[in-house]
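Scroll down for the structure; my scribbles are underneath it.
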There are 2 protein chains.
Amino acid sequence: MIHINHQEILNMDKIPRLNLINSCTGYKSANLIGSISADGITNVAVFSSVTHLGSNPPLLGFVLRPTTVPRNTFQNLKETREFTVNHIHAGMIADAHHTSAKYPGQVSEFDKTNLEPLFRDGFKAPYVDGAKIQIGCSYVNQYSIEENGCLFIIGSIQHIYFSSEIQLEDGFLALDRADTVTVNGLDGYALPRLIDRFDYARPK
Amino acid sequence: MIHINHQEILNMDKIPRLNLINSCTGYKSANLIGSISADGITNVAVFSSVTHLGSNPPLLGFVLRPTTVPRNTFQNLKETREFTVNHIHAGMIADAHHTSAKYPGQVSEFDKTNLEPLFRDGFKAPYVDGAKIQIGCSYVNQYSIEENGCLFIIGSIQHIYFSSEIQLEDGFLALDRADTVTVNGLDGYALPRLIDRFDYARPK
């Protein structure tokens, strides 16, 4: 096997290092986070760090670099305390990826792509129309990761929307029925197919 | 679309709530975390929360519930300050899932599955032999998530091992060449295939 140690990673050129380190932790979730500023400018941005945090209460987290691309998202969720998480499906990966372009705060990515905002049930932040699984979250807290200045944002799940054919009888959302994709590295989008599910594991 | 709100989630029975909330955030990384206690007892456990945190310095994070399944992992990484992250491939999903069974601390999951520990290059924590991408990490920090008592653990990437045919010229690890799987919900394992990669996005 190839072996690369810590010092060799630090010595790498930026692009190969970004590609290697972004892909070495495995597949990542592929979501569009929707938000809106206090003066009504919408924002939508691709995130690959949305993570399950707990079911009771229902919480999720995501990592945000306030000084780089998603700063509009951060400002919006501090202003309006709401954001949406929308699954990226195979048919929208080009538009989803384009939301990572650095547009100024007064430009909505909804105007620069074929993605359309969807407002419903009194929620301020826009959902992404056509996303097959959509979650409305309230902003709860942020933890500053002192090692590199990232923020770990905590959201409380307020609303979940999905098409009925995606859910199995036991509550499980069969993500392959939603054509939900997953992210490989910085820029790779992959489509999974379920292999198997297993029973709750007990000692043998 | 079906709509489930926060109060309805809280009112659900435990199992359907676990299935719904664990699957609603999208696909998750599928890794085995290897560790060892100060007195030499190895541990290996499946985690679906390993997340990229940054490339320079190379950092990753994962979520740990100290009071439930992976408590041996936590104790070990506090004692020996090292852990390994090993990609789960399609051929090892049954054994990987079985590591979530609650064995007491003096029992190694390596003795209860076909998984084999691999020690190399002076690293104390065991890698998982046969995993096609393996990472050695030093424990850096932990953040206590006050909303539900979880810990967000930060690791610094010290070593990366992988087969040469997995890596593309630009540094990217093509995870489908490694048969790396992804986790859907609590207990679903899915195999992705790359659809496309995109250039760095610029405003248009």
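For the structure tokens, the naming scheme is as follows: chains receive sequential letters (A, B, ...) according to their order of presentation, residues are indexed from 1 within each chain, and ligands are indexed from 1 in presentation order.
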
*Taking the backbone alone, and naming residues the way the document does, which bits of chain A are helix (DSSP H, G or I) by DSSP, as a ChimeraX atom specification?*
/A:6-11,14-23,71-80,90-98,109-111,164-166,175-178

Could those selected residues go to a file with N, CA and C atoms, as a tab-separated table (two decimals), in the first residue's frame?
chain	number	residue	atom	x	y	z
A	6	HIS	N	2.01	12.43	8.02
A	6	HIS	CA	1.54	13.79	8.32
A	6	HIS	C	2.42	14.86	7.67
A	7	GLN	N	3.73	14.71	7.80
A	7	GLN	CA	4.62	15.74	7.25
A	7	GLN	C	4.52	15.78	5.72
A	8	GLU	N	4.37	14.61	5.12
A	8	GLU	CA	4.24	14.57	3.65
A	8	GLU	C	2.93	15.23	3.20
A	9	ILE	N	1.87	15.08	3.99
A	9	ILE	CA	0.60	15.76	3.68
A	9	ILE	C	0.82	17.28	3.72
A	10	LEU	N	1.49	17.74	4.79
A	10	LEU	CA	1.74	19.18	4.92
A	10	LEU	C	2.59	19.72	3.77
A	11	ASN	N	3.48	18.87	3.24
A	11	ASN	CA	4.39	19.30	2.16
A	11	ASN	C	3.76	19.25	0.77
A	14	LYS	N	-1.29	22.32	-2.85
A	14	LYS	CA	-2.63	22.52	-2.29
A	14	LYS	C	-3.70	21.63	-2.95
A	15	ILE	N	-3.75	21.59	-4.27
A	15	ILE	CA	-4.83	20.86	-4.95
A	15	ILE	C	-4.79	19.35	-4.68
A	16	PRO	N	-3.63	18.68	-4.86
A	16	PRO	CA	-3.62	17.25	-4.51
A	16	PRO	C	-3.91	17.00	-3.03
A	17	ARG	N	-3.49	17.92	-2.15
A	17	ARG	CA	-3.81	17.73	-0.73
A	17	ARG	C	-5.31	17.85	-0.50
A	18	LEU	N	-5.94	18.87	-1.10
A	18	LEU	CA	-7.39	19.02	-0.96
A	18	LEU	C	-8.11	17.77	-1.46
A	19	ASN	N	-7.70	17.27	-2.63
A	19	ASN	CA	-8.37	16.09	-3.19
A	19	ASN	C	-8.18	14.86	-2.31
A	20	LEU	N	-6.96	14.66	-1.83
A	20	LEU	CA	-6.68	13.48	-1.00
A	20	LEU	C	-7.43	13.55	0.34
A	21	ILE	N	-7.30	14.66	1.05
A	21	ILE	CA	-7.84	14.70	2.41
A	21	ILE	C	-9.36	14.80	2.39
A	22	ASN	N	-9.92	15.45	1.36
A	22	ASN	CA	-11.38	15.50	1.26
A	22	ASN	C	-12.00	14.15	0.91
A	23	SER	N	-11.22	13.25	0.30
A	23	SER	CA	-11.80	11.96	-0.07
A	23	SER	C	-11.44	10.84	0.88
A	71	ARG	N	-20.24	31.90	3.65
A	71	ARG	CA	-20.42	32.94	4.67
A	71	ARG	C	-21.82	33.55	4.59
A	72	ASN	N	-22.44	33.57	3.41
A	72	ASN	CA	-23.80	34.08	3.32
A	72	ASN	C	-24.74	33.20	4.14
A	73	THR	N	-24.53	31.90	4.05
A	73	THR	CA	-25.34	30.97	4.84
A	73	THR	C	-25.24	31.30	6.32
A	74	PHE	N	-24.03	31.50	6.80
A	74	PHE	CA	-23.81	31.76	8.22
A	74	PHE	C	-24.51	33.06	8.66
A	75	GLN	N	-24.32	34.11	7.89
A	75	GLN	CA	-24.93	35.39	8.23
A	75	GLN	C	-26.46	35.25	8.26
A	76	ASN	N	-26.99	34.55	7.26
A	76	ASN	CA	-28.44	34.38	7.20
A	76	ASN	C	-28.99	33.62	8.40
A	77	LEU	N	-28.30	32.55	8.76
A	77	LEU	CA	-28.89	31.74	9.85
A	77	LEU	C	-28.72	32.42	11.20
A	78	LYS	N	-27.75	33.33	11.30
A	78	LYS	CA	-27.67	34.13	12.52
A	78	LYS	C	-28.79	35.19	12.55
A	79	GLU	N	-29.14	35.67	11.36
A	79	GLU	CA	-30.16	36.72	11.30
A	79	GLU	C	-31.57	36.18	11.48
A	80	THR	N	-31.86	35.06	10.81
A	80	THR	CA	-33.26	34.59	10.78
A	80	THR	C	-33.45	33.29	11.56
A	90	ALA	N	-29.84	12.81	-8.26
A	90	ALA	CA	-28.94	12.66	-9.41
A	90	ALA	C	-29.21	13.68	-10.51
A	91	GLY	N	-30.47	14.13	-10.64
A	91	GLY	CA	-30.82	15.05	-11.71
A	91	GLY	C	-30.42	16.49	-11.46
A	92	MET	N	-29.93	16.81	-10.28
A	92	MET	CA	-29.63	18.21	-9.98
A	92	MET	C	-28.18	18.45	-9.56
A	93	ILE	N	-27.29	17.49	-9.85
A	93	ILE	CA	-25.92	17.63	-9.34
A	93	ILE	C	-25.17	18.80	-9.96
A	94	ALA	N	-25.39	19.10	-11.25
A	94	ALA	CA	-24.65	20.20	-11.87
A	94	ALA	C	-25.05	21.54	-11.23
A	95	ASP	N	-26.35	21.76	-11.07
A	95	ASP	CA	-26.80	22.99	-10.42
A	95	ASP	C	-26.36	23.04	-8.96
A	96	ALA	N	-26.45	21.92	-8.28
A	96	ALA	CA	-26.05	21.88	-6.87
A	96	ALA	C	-24.57	22.26	-6.74
A	97	HIS	N	-23.73	21.69	-7.60
A	97	HIS	CA	-22.29	21.99	-7.51
A	97	HIS	C	-22.04	23.46	-7.80
A	98	HIS	N	-22.80	24.02	-8.73
A	98	HIS	CA	-22.57	25.43	-9.10
A	98	HIS	C	-22.82	26.39	-7.93
A	109	GLU	N	-28.22	32.41	-5.36
A	109	GLU	CA	-27.87	31.29	-6.24
A	109	GLU	C	-29.11	30.73	-6.93
A	110	PHE	N	-30.30	30.99	-6.38
A	110	PHE	CA	-31.53	30.54	-7.06
A	110	PHE	C	-31.68	31.25	-8.41
A	111	ASP	N	-31.10	32.46	-8.53
A	111	ASP	CA	-31.18	33.19	-9.80
A	111	ASP	C	-30.08	32.79	-10.79
A	164	SER	N	-44.15	9.77	-0.17
A	164	SER	CA	-44.51	8.58	0.62
A	164	SER	C	-43.80	7.32	0.16
A	165	GLU	N	-43.52	7.22	-1.14
A	165	GLU	CA	-42.93	5.96	-1.64
A	165	GLU	C	-41.49	5.77	-1.18
A	166	ILE	N	-40.88	6.80	-0.58
A	166	ILE	CA	-39.48	6.69	-0.12
A	166	ILE	C	-39.40	5.95	1.22
A	175	LEU	N	-33.03	5.79	0.76
A	175	LEU	CA	-32.48	6.93	0.02
A	175	LEU	C	-32.29	6.62	-1.46
A	176	ASP	N	-32.15	5.34	-1.82
A	176	ASP	CA	-32.00	5.06	-3.25
A	176	ASP	C	-33.33	5.25	-3.99
A	177	ARG	N	-34.44	5.19	-3.29
A	177	ARG	CA	-35.72	5.49	-3.92
A	177	ARG	C	-35.87	6.99	-4.21
A	178	ALA	N	-35.07	7.80	-3.51
A	178	ALA	CA	-35.09	9.26	-3.72
A	178	ALA	C	-33.98	9.71	-4.67

Let's have chain A fitted on chain B; use all the C-alpha atoms paired in order for the least-squares step and return it as a compact mmCIF listing (two decimals) with C-alpha atoms, in the first residue's frame.
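The file below, part-v5.txt, is the result:
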# COMPACT_ATOMS: atom_id res chain seq x y z
CA MET A 1 -45.42 15.13 0.24
CA ILE A 2 -45.69 13.68 3.71
CA HIS A 3 -45.06 16.34 6.39
CA ILE A 4 -43.90 15.44 9.90
CA ASN A 5 -43.31 18.25 12.36
CA HIS A 6 -41.13 18.48 15.47
CA GLN A 7 -43.87 17.54 17.94
CA GLU A 8 -44.90 14.55 15.82
CA ILE A 9 -41.26 13.36 15.79
CA LEU A 10 -41.15 13.61 19.60
CA ASN A 11 -44.43 11.64 19.82
CA MET A 12 -43.24 8.77 17.58
CA ASP A 13 -42.35 5.33 18.93
CA LYS A 14 -38.61 4.91 19.43
CA ILE A 15 -37.78 2.53 16.54
CA PRO A 16 -39.58 4.41 13.73
CA ARG A 17 -38.11 7.67 15.09
CA LEU A 18 -34.59 6.22 15.09
CA ASN A 19 -35.04 4.93 11.53
CA LEU A 20 -36.51 8.20 10.23
CA ILE A 21 -34.11 10.64 11.87
CA ASN A 22 -31.02 8.52 11.20
CA SER A 23 -31.84 8.39 7.49
CA CYS A 24 -33.17 11.90 6.87
CA THR A 25 -29.78 13.66 6.76
CA GLY A 26 -28.55 11.64 3.75
CA TYR A 27 -25.81 9.08 3.24
CA LYS A 28 -23.14 8.74 5.91
CA SER A 29 -19.53 7.59 5.86
CA ALA A 30 -18.94 3.94 6.76
CA ASN A 31 -15.83 3.39 8.83
CA LEU A 32 -14.43 1.06 11.44
CA ILE A 33 -12.59 2.87 14.22
CA GLY A 34 -9.79 0.80 15.74
CA SER A 35 -8.32 1.50 19.18
CA ILE A 36 -6.45 -0.17 22.00
CA SER A 37 -6.58 0.17 25.78
CA ALA A 38 -3.55 0.98 27.93
CA ASP A 39 -3.39 -2.71 28.88
CA GLY A 40 -3.48 -3.89 25.28
CA ILE A 41 -7.09 -4.93 24.62
CA THR A 42 -8.06 -4.00 21.07
CA ASN A 43 -11.43 -2.59 20.04
CA VAL A 44 -13.06 -2.03 16.69
CA ALA A 45 -16.44 -0.38 16.16
CA VAL A 46 -18.53 0.85 13.25
CA PHE A 47 -19.07 4.62 13.00
CA SER A 48 -21.18 6.53 10.48
CA SER A 49 -20.24 10.05 11.60
CA VAL A 50 -16.62 10.47 10.50
CA THR A 51 -16.48 13.85 8.73
CA HIS A 52 -13.85 15.86 6.88
CA LEU A 53 -12.90 18.91 8.93
CA GLY A 54 -9.99 20.45 7.09
CA SER A 55 -7.06 19.68 4.81
CA ASN A 56 -4.34 21.94 6.16
CA PRO A 57 -3.79 20.83 8.85
CA PRO A 58 -5.44 17.50 7.97
CA LEU A 59 -8.25 17.00 10.50
CA LEU A 60 -11.33 14.84 10.82
CA GLY A 61 -14.12 14.65 13.35
CA PHE A 62 -16.64 12.09 14.56
CA VAL A 63 -19.55 12.00 16.96
CA LEU A 64 -19.45 9.75 19.98
CA ARG A 65 -22.06 8.94 22.60
CA PRO A 66 -19.97 8.13 25.65
CA THR A 67 -22.85 6.53 27.52
CA THR A 68 -23.92 4.10 24.79
CA VAL A 69 -22.26 1.64 22.43
CA PRO A 70 -18.80 3.03 21.64
CA ARG A 71 -17.67 3.75 25.22
CA ASN A 72 -14.70 1.37 24.85
CA THR A 73 -13.51 3.45 21.93
CA PHE A 74 -13.70 6.63 24.00
CA GLN A 75 -11.83 5.17 26.97
CA ASN A 76 -9.14 3.77 24.69
CA LEU A 77 -8.50 6.97 22.82
CA LYS A 78 -8.25 8.90 26.07
CA GLU A 79 -5.75 6.34 27.35
CA THR A 80 -3.54 5.89 24.30
CA ARG A 81 -4.36 9.08 22.30
CA GLU A 82 -4.49 7.18 19.00
CA PHE A 83 -7.17 5.65 16.80
CA THR A 84 -7.51 4.37 13.25
CA VAL A 85 -10.23 4.98 10.65
CA ASN A 86 -10.73 2.13 8.17
CA HIS A 87 -13.09 2.18 5.19
CA ILE A 88 -15.73 -0.53 5.17
CA HIS A 89 -15.90 -2.25 1.78
CA ALA A 90 -18.78 -4.27 0.39
CA GLY A 91 -17.22 -7.60 1.40
CA MET A 92 -17.06 -6.80 5.10
CA ILE A 93 -20.41 -5.18 5.89
CA ALA A 94 -21.79 -8.07 7.99
CA ASP A 95 -18.72 -8.17 10.24
CA ALA A 96 -18.57 -4.37 10.38
CA HIS A 97 -22.20 -4.14 11.49
CA HIS A 98 -21.67 -6.81 14.13
CA THR A 99 -19.11 -4.58 15.88
CA SER A 100 -22.06 -2.45 17.05
CA ALA A 101 -23.04 -5.24 19.49
CA LYS A 102 -22.40 -4.26 23.10
CA TYR A 103 -19.45 -6.34 24.20
CA PRO A 104 -17.81 -5.64 27.56
CA GLY A 105 -14.49 -3.81 27.55
CA GLN A 106 -12.35 -6.93 28.08
CA VAL A 107 -13.72 -8.53 24.88
CA SER A 108 -12.19 -7.51 21.54
CA GLU A 109 -14.55 -7.36 18.58
CA PHE A 110 -11.61 -8.69 16.54
CA ASP A 111 -12.18 -12.00 18.37
CA LYS A 112 -15.91 -12.02 17.61
CA THR A 113 -15.72 -11.33 13.86
CA ASN A 114 -13.52 -12.20 10.89
CA LEU A 115 -11.89 -8.76 11.14
CA GLU A 116 -8.15 -8.91 11.85
CA PRO A 117 -6.02 -6.25 13.54
CA LEU A 118 -2.97 -4.93 11.73
CA PHE A 119 -0.15 -3.18 13.60
CA ARG A 120 2.44 -1.18 11.69
CA ASP A 121 4.93 1.67 11.72
CA GLY A 122 4.97 1.92 15.51
CA PHE A 123 1.35 3.02 15.77
CA LYS A 124 -0.31 1.68 18.92
CA ALA A 125 -3.90 1.52 17.64
CA PRO A 126 -4.75 -1.39 15.32
CA TYR A 127 -5.73 -0.88 11.69
CA VAL A 128 -8.27 -3.26 10.15
CA ASP A 129 -6.46 -5.66 7.85
CA GLY A 130 -8.01 -5.75 4.38
CA ALA A 131 -9.56 -2.30 4.60
CA LYS A 132 -8.54 -0.60 1.36
CA ILE A 133 -8.14 2.88 2.83
CA GLN A 134 -6.73 3.18 6.36
CA ILE A 135 -6.00 6.31 8.38
CA GLY A 136 -3.99 6.64 11.59
CA CYS A 137 -5.07 9.57 13.77
CA SER A 138 -3.91 11.19 16.96
CA TYR A 139 -6.58 12.42 19.37
CA VAL A 140 -6.55 16.22 19.46
CA ASN A 141 -9.61 17.51 21.28
CA GLN A 142 -13.25 16.92 22.17
CA TYR A 143 -16.22 19.25 22.18
CA SER A 144 -19.15 18.42 24.42
CA ILE A 145 -22.45 18.98 22.60
CA GLU A 146 -24.56 20.30 25.43
CA GLU A 147 -27.84 19.78 23.54
CA ASN A 148 -27.68 15.98 23.92
CA GLY A 149 -24.46 14.99 25.68
CA CYS A 150 -22.66 13.79 22.53
CA LEU A 151 -18.97 14.41 22.07
CA PHE A 152 -17.50 15.72 18.82
CA ILE A 153 -14.01 14.22 18.71
CA ILE A 154 -11.25 15.87 16.67
CA GLY A 155 -8.44 13.77 15.21
CA SER A 156 -5.27 14.80 13.40
CA ILE A 157 -4.42 12.61 10.40
CA GLN A 158 -0.95 11.13 10.94
CA HIS A 159 -0.87 8.35 8.34
CA ILE A 160 -2.89 7.41 5.25
CA TYR A 161 -2.54 4.00 3.56
CA PHE A 162 -4.27 2.95 0.32
CA SER A 163 -3.73 0.80 -2.74
CA SER A 164 -2.20 2.75 -5.61
CA GLU A 165 -4.96 1.91 -8.09
CA ILE A 166 -7.51 3.84 -5.97
CA GLN A 167 -5.84 7.25 -6.45
CA LEU A 168 -6.23 9.46 -9.54
CA GLU A 169 -3.47 11.76 -10.78
CA ASP A 170 -4.87 14.82 -9.02
CA GLY A 171 -4.77 13.15 -5.60
CA PHE A 172 -8.48 12.17 -5.51
CA LEU A 173 -9.26 8.77 -4.00
CA ALA A 174 -11.88 7.16 -6.27
CA LEU A 175 -13.87 5.47 -3.53
CA ASP A 176 -15.75 3.22 -5.93
CA ARG A 177 -12.43 1.61 -6.87
CA ALA A 178 -12.09 0.68 -3.17
CA ASP A 179 -15.67 -0.69 -3.00
CA THR A 180 -16.17 1.69 -0.07
CA VAL A 181 -19.77 1.59 1.12
CA THR A 182 -21.98 4.27 2.65
CA VAL A 183 -24.55 4.03 5.45
CA ASN A 184 -28.29 4.68 5.05
CA GLY A 185 -29.92 5.14 8.43
CA LEU A 186 -28.95 2.88 11.31
CA ASP A 187 -28.52 -0.40 9.50
CA GLY A 188 -28.51 0.02 5.70
CA TYR A 189 -25.31 -0.36 3.68
CA ALA A 190 -25.21 0.95 0.10
CA LEU A 191 -22.60 0.86 -2.64
CA PRO A 192 -22.09 4.04 -4.71
CA ARG A 193 -20.88 4.43 -8.26
CA LEU A 194 -19.36 7.72 -9.41
CA ILE A 195 -21.63 9.71 -11.73
CA ASP A 196 -19.47 12.74 -12.46
CA ARG A 197 -16.87 15.16 -11.19
CA PHE A 198 -17.09 18.90 -11.73
CA ASP A 199 -14.59 21.72 -12.11
CA TYR A 200 -14.13 24.32 -9.40
CA ALA A 201 -17.29 26.43 -9.61
CA ARG A 202 -16.97 30.08 -10.62
CA PRO A 203 -19.69 32.77 -10.85
CA LYS A 204 -21.37 33.04 -14.26

*Can you list, as a ChimeraX atom specification, all residues belonging to stretch 34-124 of chain A that DSSP tags as strand (DSSP E)?*
/A:34-36,42-47,51-55,58-64,82-87,117-118
